[in-house]
Amino acid sequence: MLITRPRRFGKTLTMSTFYDFLSLNIENPGDVSLQEKWFKDTKIFEDREFCSEYMGKFPVIFISLKSISGDDFISAYGRFASVIYDMYTQFRYLAVSNKLSSDEIEEYKLYLNKSYLREPKNNDAVKDSLSTLLRLLNKHHGIKPILLIDEYDVPIAKAAHNGYYREMIEIISPFLSNALKTNMYLGRAVLTGCLRAAKESIFTGLNNLRVCSVLDSGNDDLSAGIGFTKEETQNVLAYYGLTDYYEEVRNNYDGYHFGTTHMYCPWDVMNFCDDNYRKLSKDRNLIQAGNYWINTSGNDVIEEFMGFIEPEDVDMMQDLLDGKSITAEVRTSLCYGDLQDHDINDFWTLLLYTGYLTFDPYDIDQSDDEILYRLYIPNREIKLCFKSRILNFFKKDPVMKNHTKGLMTSLFSGEADKVQEHLNGLLKKYVSIRDFATRAPKENYYHGFMNGLLINSVSYARELKSNVESGNGYVDLIIGSEEKNTLVILELKQTDGVPTFGGKAKLAEIALKQVIDTGYAEPYADDDFVKNIYAYGICFHRKSCAVAGEKLK
């Protein structure tokens with residue numbers, strides 16, 4: 001079984017619970033006293049027949065692949081080898097087993113040589129390590145082992161991002177397939193991860209894989225098993241005395257759907273309780289919903305995608321930030337190898353599987369060649385995460401940096417045509433994802449866009465004033481450069497109804513004339529320190545602009 005859920009929903013905790021419930025006592029097989037202690041008063045403990053059959057009855061291999069990453073394949077392979085070594089050291093009793101042959105014991109001891117495993121030329125040992133351990137455990141115990149693999153897709157995701165995807169697939173495919181496919185020594189296996197990746201080459205020919213992804217409905221018990229239901233969330237809040245804050249929790253952490261089941265993120269709910277229950281007896285005004293998810297759900301592939309988003313897709317991102325939904329194709333069998341094509345539908349799918357988006361299970365349009373889902377940001381916390389991750393990326397994006405540098409240089413040298421060129425480059429790609437209220441006048445939108453650009457350009461401009469009184473009116477933006485003894489005055493306009501460049505250019509000239517006629521530059525004209533004053537009129541229309549300029553001093 002493959003269970004996919006976003007990070008911080010409790011996949012690892014679930015796997016740990018499986019391990020503690022199923023694992024036999026190696027030193028005293030049949031002793032289930034620890035399980036009886038741990039699971040007393042739980043729902044599963046009420047099913048005595050089930051507990052009699054499964055509790056404490058199996059050798060269990062429990063490994064996490066989360067740490068298998070690196071900037072290159074060699075470093076990632078070394079971590080892979082370390083995971084294999086650690087896995088084998090948990091079963092050292094096999095080295096003295098009287099149920100294994102001498103050859104099998106030597107085969108086991110080979111995996112206790114970490115240096116041997118870390119040599120890439122010995123990768124066959126890594127590929128066969130899981131299937132070998134299952135066989136040895138089965139022979140020693142006479143019981144088919146249980147296999148639990150947590151974060152199975154992390155090595156593939158890191159490899160896709162860092163450029164060694166094919167090399168990693170060549171290792172991890174046989175590693176998993178040899179263990180999972182037609183393996184007579186395996187009892188049951190559970191894998192967890194973020195992506196379903198059903199067509200990944202590691203699963204080629206694996207036809208007995210059951211999948212429970214965020215999209216799969218029909219198994220409500222399993223869908224509700226990872227994460228908190230509404231009732232569980234209310235019970236947790238009641239336990240901590242925070243029932244009165246349910247609406248705050250709902251607005252910030254609710255909104256996910258797993259199949260048709262409505263779910264809350266348990267990481268957020270528990271952190272909210274831990275942060276706030278002590279404040280009940282001190283100062284209730286201090287109780288607030290924090291943003292706990294943003295620092296725990298990084299995904300390099302998402303940021304990589306940002307540089308390939310087309311302008312028409314940026315509008316869909318703006319719709320999401322505005323609280324609207326989008327309709328998009330979801331690739332239910334997406335694999336990480338596909339992500340290098342930077343198809344926008346893969347991006348929406350990735351955001352869905354990693355928890356940035358959720359879907360409406362009752363609004364799905366399925367045809368022969370595609371499945372369309374209504375997607376939206378699930379709650380307030382994720383909206384802030386979504387916005388922050390996008391904006392932080394664009395601040396670092398080389399395209400943004402180059403255009404911004406060119407814009408500032410052109411502004412301070414009086415090159416209106418180049419100001420227009422750089423602004424149009426920025427508008428085309430970035431305007432719709434900026435954080436401005438869409439219900440406000442559109443001129444405010446562009447004013448905020450320019451203000452944001454200039455604030456992020458402090459290395460080029462030493463002074464920035466917005467909506468400041470000057471001359472006989474209020475100028476939109478004034479920028480000063482101490483290094484160049486230069487002042488730049490900007491007057492901004494926007495138009496909905498004049499899409500032609502000639503119309504925009506005319507309004508840009510009107511804006512420039514306003515700067516001159518209103519005397520915006522007069523307070524600085526006699527300032528000996530100011531050697532140059534440039535005025536610009538800028539008219540915006542959607543994702544483009546026209547610029548008119550004149551040197552006033």
# chains A, B, ... in the order shown; residues from 1 in each chain; ligands from 1
$ residues_around --residues "A:Ala511" --least-positions-apart "5" --cutoff "8 Å" --atoms "only C-alpha atoms" --output "PDB file with all heavy atoms, in the first residue's frame"
ATOM      1  N   GLU A 491       4.939  59.983 -11.845  1.00  0.00           N
ATOM      2  CA  GLU A 491       3.494  60.143 -11.791  1.00  0.00           C
ATOM      3  C   GLU A 491       2.883  58.951 -12.538  1.00  0.00           C
ATOM      4  O   GLU A 491       3.221  58.692 -13.707  1.00  0.00           O
ATOM      5  CB  GLU A 491       3.044  61.452 -12.435  1.00  0.00           C
ATOM      6  CG  GLU A 491       1.547  61.679 -12.408  1.00  0.00           C
ATOM      7  CD  GLU A 491       0.970  61.796 -10.997  1.00  0.00           C
ATOM      8  OE1 GLU A 491       1.724  62.242 -10.077  1.00  0.00           O
ATOM      9  OE2 GLU A 491      -0.210  61.462 -10.809  1.00  0.00           O
ATOM     10  N   LEU A 492       1.997  58.208 -11.845  1.00  0.00           N
ATOM     11  CA  LEU A 492       1.464  56.954 -12.386  1.00  0.00           C
ATOM     12  C   LEU A 492       0.006  57.094 -12.779  1.00  0.00           C
ATOM     13  O   LEU A 492      -0.790  57.680 -12.046  1.00  0.00           O
ATOM     14  CB  LEU A 492       1.618  55.841 -11.344  1.00  0.00           C
ATOM     15  CG  LEU A 492       2.987  55.695 -10.673  1.00  0.00           C
ATOM     16  CD1 LEU A 492       2.948  54.564  -9.660  1.00  0.00           C
ATOM     17  CD2 LEU A 492       4.082  55.469 -11.710  1.00  0.00           C
ATOM     18  N   LYS A 493      -0.328  56.517 -13.925  1.00  0.00           N
ATOM     19  CA  LYS A 493      -1.701  56.441 -14.390  1.00  0.00           C
ATOM     20  C   LYS A 493      -1.977  55.000 -14.819  1.00  0.00           C
ATOM     21  O   LYS A 493      -1.071  54.212 -15.060  1.00  0.00           O
ATOM     22  CB  LYS A 493      -1.938  57.370 -15.595  1.00  0.00           C
ATOM     23  CG  LYS A 493      -1.616  58.833 -15.359  1.00  0.00           C
ATOM     24  CD  LYS A 493      -2.614  59.487 -14.408  1.00  0.00           C
ATOM     25  CE  LYS A 493      -2.328  60.983 -14.272  1.00  0.00           C
ATOM     26  NZ  LYS A 493      -3.210  61.618 -13.253  1.00  0.00           N
ATOM     27  N   TYR A 536       9.030  61.450 -14.878  1.00  0.00           N
ATOM     28  CA  TYR A 536       8.474  60.407 -15.745  1.00  0.00           C
ATOM     29  C   TYR A 536       6.969  60.318 -15.527  1.00  0.00           C
ATOM     30  O   TYR A 536       6.482  60.347 -14.384  1.00  0.00           O
ATOM     31  CB  TYR A 536       9.087  59.038 -15.435  1.00  0.00           C
ATOM     32  CG  TYR A 536      10.570  58.945 -15.669  1.00  0.00           C
ATOM     33  CD1 TYR A 536      11.475  59.199 -14.642  1.00  0.00           C
ATOM     34  CD2 TYR A 536      11.064  58.612 -16.926  1.00  0.00           C
ATOM     35  CE1 TYR A 536      12.839  59.111 -14.853  1.00  0.00           C
ATOM     36  CE2 TYR A 536      12.439  58.524 -17.149  1.00  0.00           C
ATOM     37  CZ  TYR A 536      13.309  58.770 -16.104  1.00  0.00           C
ATOM     38  OH  TYR A 536      14.670  58.680 -16.327  1.00  0.00           O
ATOM     39  N   GLY A 537       6.243  60.216 -16.626  1.00  0.00           N
ATOM     40  CA  GLY A 537       4.839  59.857 -16.584  1.00  0.00           C
ATOM     41  C   GLY A 537       4.701  58.431 -17.078  1.00  0.00           C
ATOM     42  O   GLY A 537       5.237  58.081 -18.143  1.00  0.00           O
ATOM     43  N   ILE A 538       4.025  57.595 -16.306  1.00  0.00           N
ATOM     44  CA  ILE A 538       3.900  56.178 -16.678  1.00  0.00           C
ATOM     45  C   ILE A 538       2.414  55.818 -16.709  1.00  0.00           C
ATOM     46  O   ILE A 538       1.687  56.067 -15.728  1.00  0.00           O
ATOM     47  CB  ILE A 538       4.636  55.265 -15.682  1.00  0.00           C
ATOM     48  CG1 ILE A 538       6.105  55.678 -15.548  1.00  0.00           C
ATOM     49  CG2 ILE A 538       4.530  53.800 -16.117  1.00  0.00           C
ATOM     50  CD1 ILE A 538       6.878  54.897 -14.501  1.00  0.00           C
ATOM     51  N   CYS A 539       1.970  55.233 -17.805  1.00  0.00           N
ATOM     52  CA  CYS A 539       0.592  54.757 -17.907  1.00  0.00           C
ATOM     53  C   CYS A 539       0.590  53.242 -18.037  1.00  0.00           C
ATOM     54  O   CYS A 539       1.225  52.675 -18.937  1.00  0.00           O
ATOM     55  CB  CYS A 539      -0.111  55.375 -19.115  1.00  0.00           C
ATOM     56  SG  CYS A 539      -1.806  54.755 -19.316  1.00  0.00           S
TER      57      CYS A 539
END
$ residues_around --residues "A:Asp268" --least-positions-apart "6" --cutoff "8 Å" --atoms "only C-alpha atoms" --output "list in words"
Tyr253, Asn291, Tyr292 and Trp293 of chain A
$ write_last_selection --atoms "all heavy atoms" --output "PDB file, in the first residue's frame"
ATOM      1  N   TYR A 253      -6.390  26.483   9.817  1.00  0.00           N
ATOM      2  CA  TYR A 253      -5.811  25.158   9.600  1.00  0.00           C
ATOM      3  C   TYR A 253      -6.754  24.147   8.961  1.00  0.00           C
ATOM      4  O   TYR A 253      -6.385  23.006   8.735  1.00  0.00           O
ATOM      5  CB  TYR A 253      -5.317  24.593  10.940  1.00  0.00           C
ATOM      6  CG  TYR A 253      -4.484  25.572  11.735  1.00  0.00           C
ATOM      7  CD1 TYR A 253      -4.784  25.870  13.063  1.00  0.00           C
ATOM      8  CD2 TYR A 253      -3.402  26.241  11.146  1.00  0.00           C
ATOM      9  CE1 TYR A 253      -4.029  26.783  13.794  1.00  0.00           C
ATOM     10  CE2 TYR A 253      -2.645  27.152  11.871  1.00  0.00           C
ATOM     11  CZ  TYR A 253      -2.959  27.417  13.193  1.00  0.00           C
ATOM     12  OH  TYR A 253      -2.216  28.325  13.889  1.00  0.00           O
ATOM     13  N   ASN A 291       1.773  30.673  12.360  1.00  0.00           N
ATOM     14  CA  ASN A 291       2.024  30.003  11.081  1.00  0.00           C
ATOM     15  C   ASN A 291       3.130  28.976  11.311  1.00  0.00           C
ATOM     16  O   ASN A 291       4.309  29.308  11.331  1.00  0.00           O
ATOM     17  CB  ASN A 291       2.445  31.033  10.022  1.00  0.00           C
ATOM     18  CG  ASN A 291       2.430  30.449   8.622  1.00  0.00           C
ATOM     19  OD1 ASN A 291       2.650  29.260   8.450  1.00  0.00           O
ATOM     20  ND2 ASN A 291       2.180  31.277   7.633  1.00  0.00           N
ATOM     21  N   TYR A 292       2.730  27.723  11.496  1.00  0.00           N
ATOM     22  CA  TYR A 292       3.672  26.672  11.872  1.00  0.00           C
ATOM     23  C   TYR A 292       4.163  25.869  10.672  1.00  0.00           C
ATOM     24  O   TYR A 292       5.170  25.192  10.749  1.00  0.00           O
ATOM     25  CB  TYR A 292       3.013  25.720  12.876  1.00  0.00           C
ATOM     26  CG  TYR A 292       2.413  26.436  14.059  1.00  0.00           C
ATOM     27  CD1 TYR A 292       1.033  26.528  14.222  1.00  0.00           C
ATOM     28  CD2 TYR A 292       3.220  27.045  15.014  1.00  0.00           C
ATOM     29  CE1 TYR A 292       0.475  27.198  15.293  1.00  0.00           C
ATOM     30  CE2 TYR A 292       2.677  27.719  16.094  1.00  0.00           C
ATOM     31  CZ  TYR A 292       1.296  27.798  16.228  1.00  0.00           C
ATOM     32  OH  TYR A 292       0.755  28.465  17.284  1.00  0.00           O
ATOM     33  N   TRP A 293       3.446  25.925   9.588  1.00  0.00           N
ATOM     34  CA  TRP A 293       3.700  25.054   8.443  1.00  0.00           C
ATOM     35  C   TRP A 293       4.795  25.575   7.528  1.00  0.00           C
ATOM     36  O   TRP A 293       5.483  24.817   6.869  1.00  0.00           O
ATOM     37  CB  TRP A 293       2.396  24.905   7.648  1.00  0.00           C
ATOM     38  CG  TRP A 293       2.308  23.743   6.733  1.00  0.00           C
ATOM     39  CD1 TRP A 293       2.106  22.435   7.054  1.00  0.00           C
ATOM     40  CD2 TRP A 293       2.383  23.778   5.295  1.00  0.00           C
ATOM     41  NE1 TRP A 293       2.034  21.666   5.922  1.00  0.00           N
ATOM     42  CE2 TRP A 293       2.209  22.462   4.831  1.00  0.00           C
ATOM     43  CE3 TRP A 293       2.566  24.797   4.370  1.00  0.00           C
ATOM     44  CZ2 TRP A 293       2.220  22.134   3.475  1.00  0.00           C
ATOM     45  CZ3 TRP A 293       2.581  24.476   3.019  1.00  0.00           C
ATOM     46  CH2 TRP A 293       2.411  23.155   2.595  1.00  0.00           C
TER      47      TRP A 293
END
$ closest_residue --among "A:Ile74, A:Gly193, A:Leu423, A:Tyr164" --to "A:Lys405" --atoms "only C-alpha atoms"
A:Leu423
$ closest_residue --among "A:Gln234, A:Thr327, A:Thr42, A:Ser223" --to "A:Phe359" --atoms "only C-alpha atoms"
A:Thr327
$ atom_distance --atom1 "atom CA of A:Glu247" --atom2 "atom CA of A:Thr349"
29.0 Å
$ atom_distance --atom1 "atom CA of A:Val488" --atom2 "atom CA of A:His541"
22.1 Å
$ residues_around --residues "A:Val475" --least-positions-apart "6" --cutoff "9 Å" --atoms "only C-alpha atoms" --output "list in words"
Lys465, Ser466, Asn467, Val468, Glu469, Ile489, Leu490, Glu491, Val515 and Tyr520 of chain A
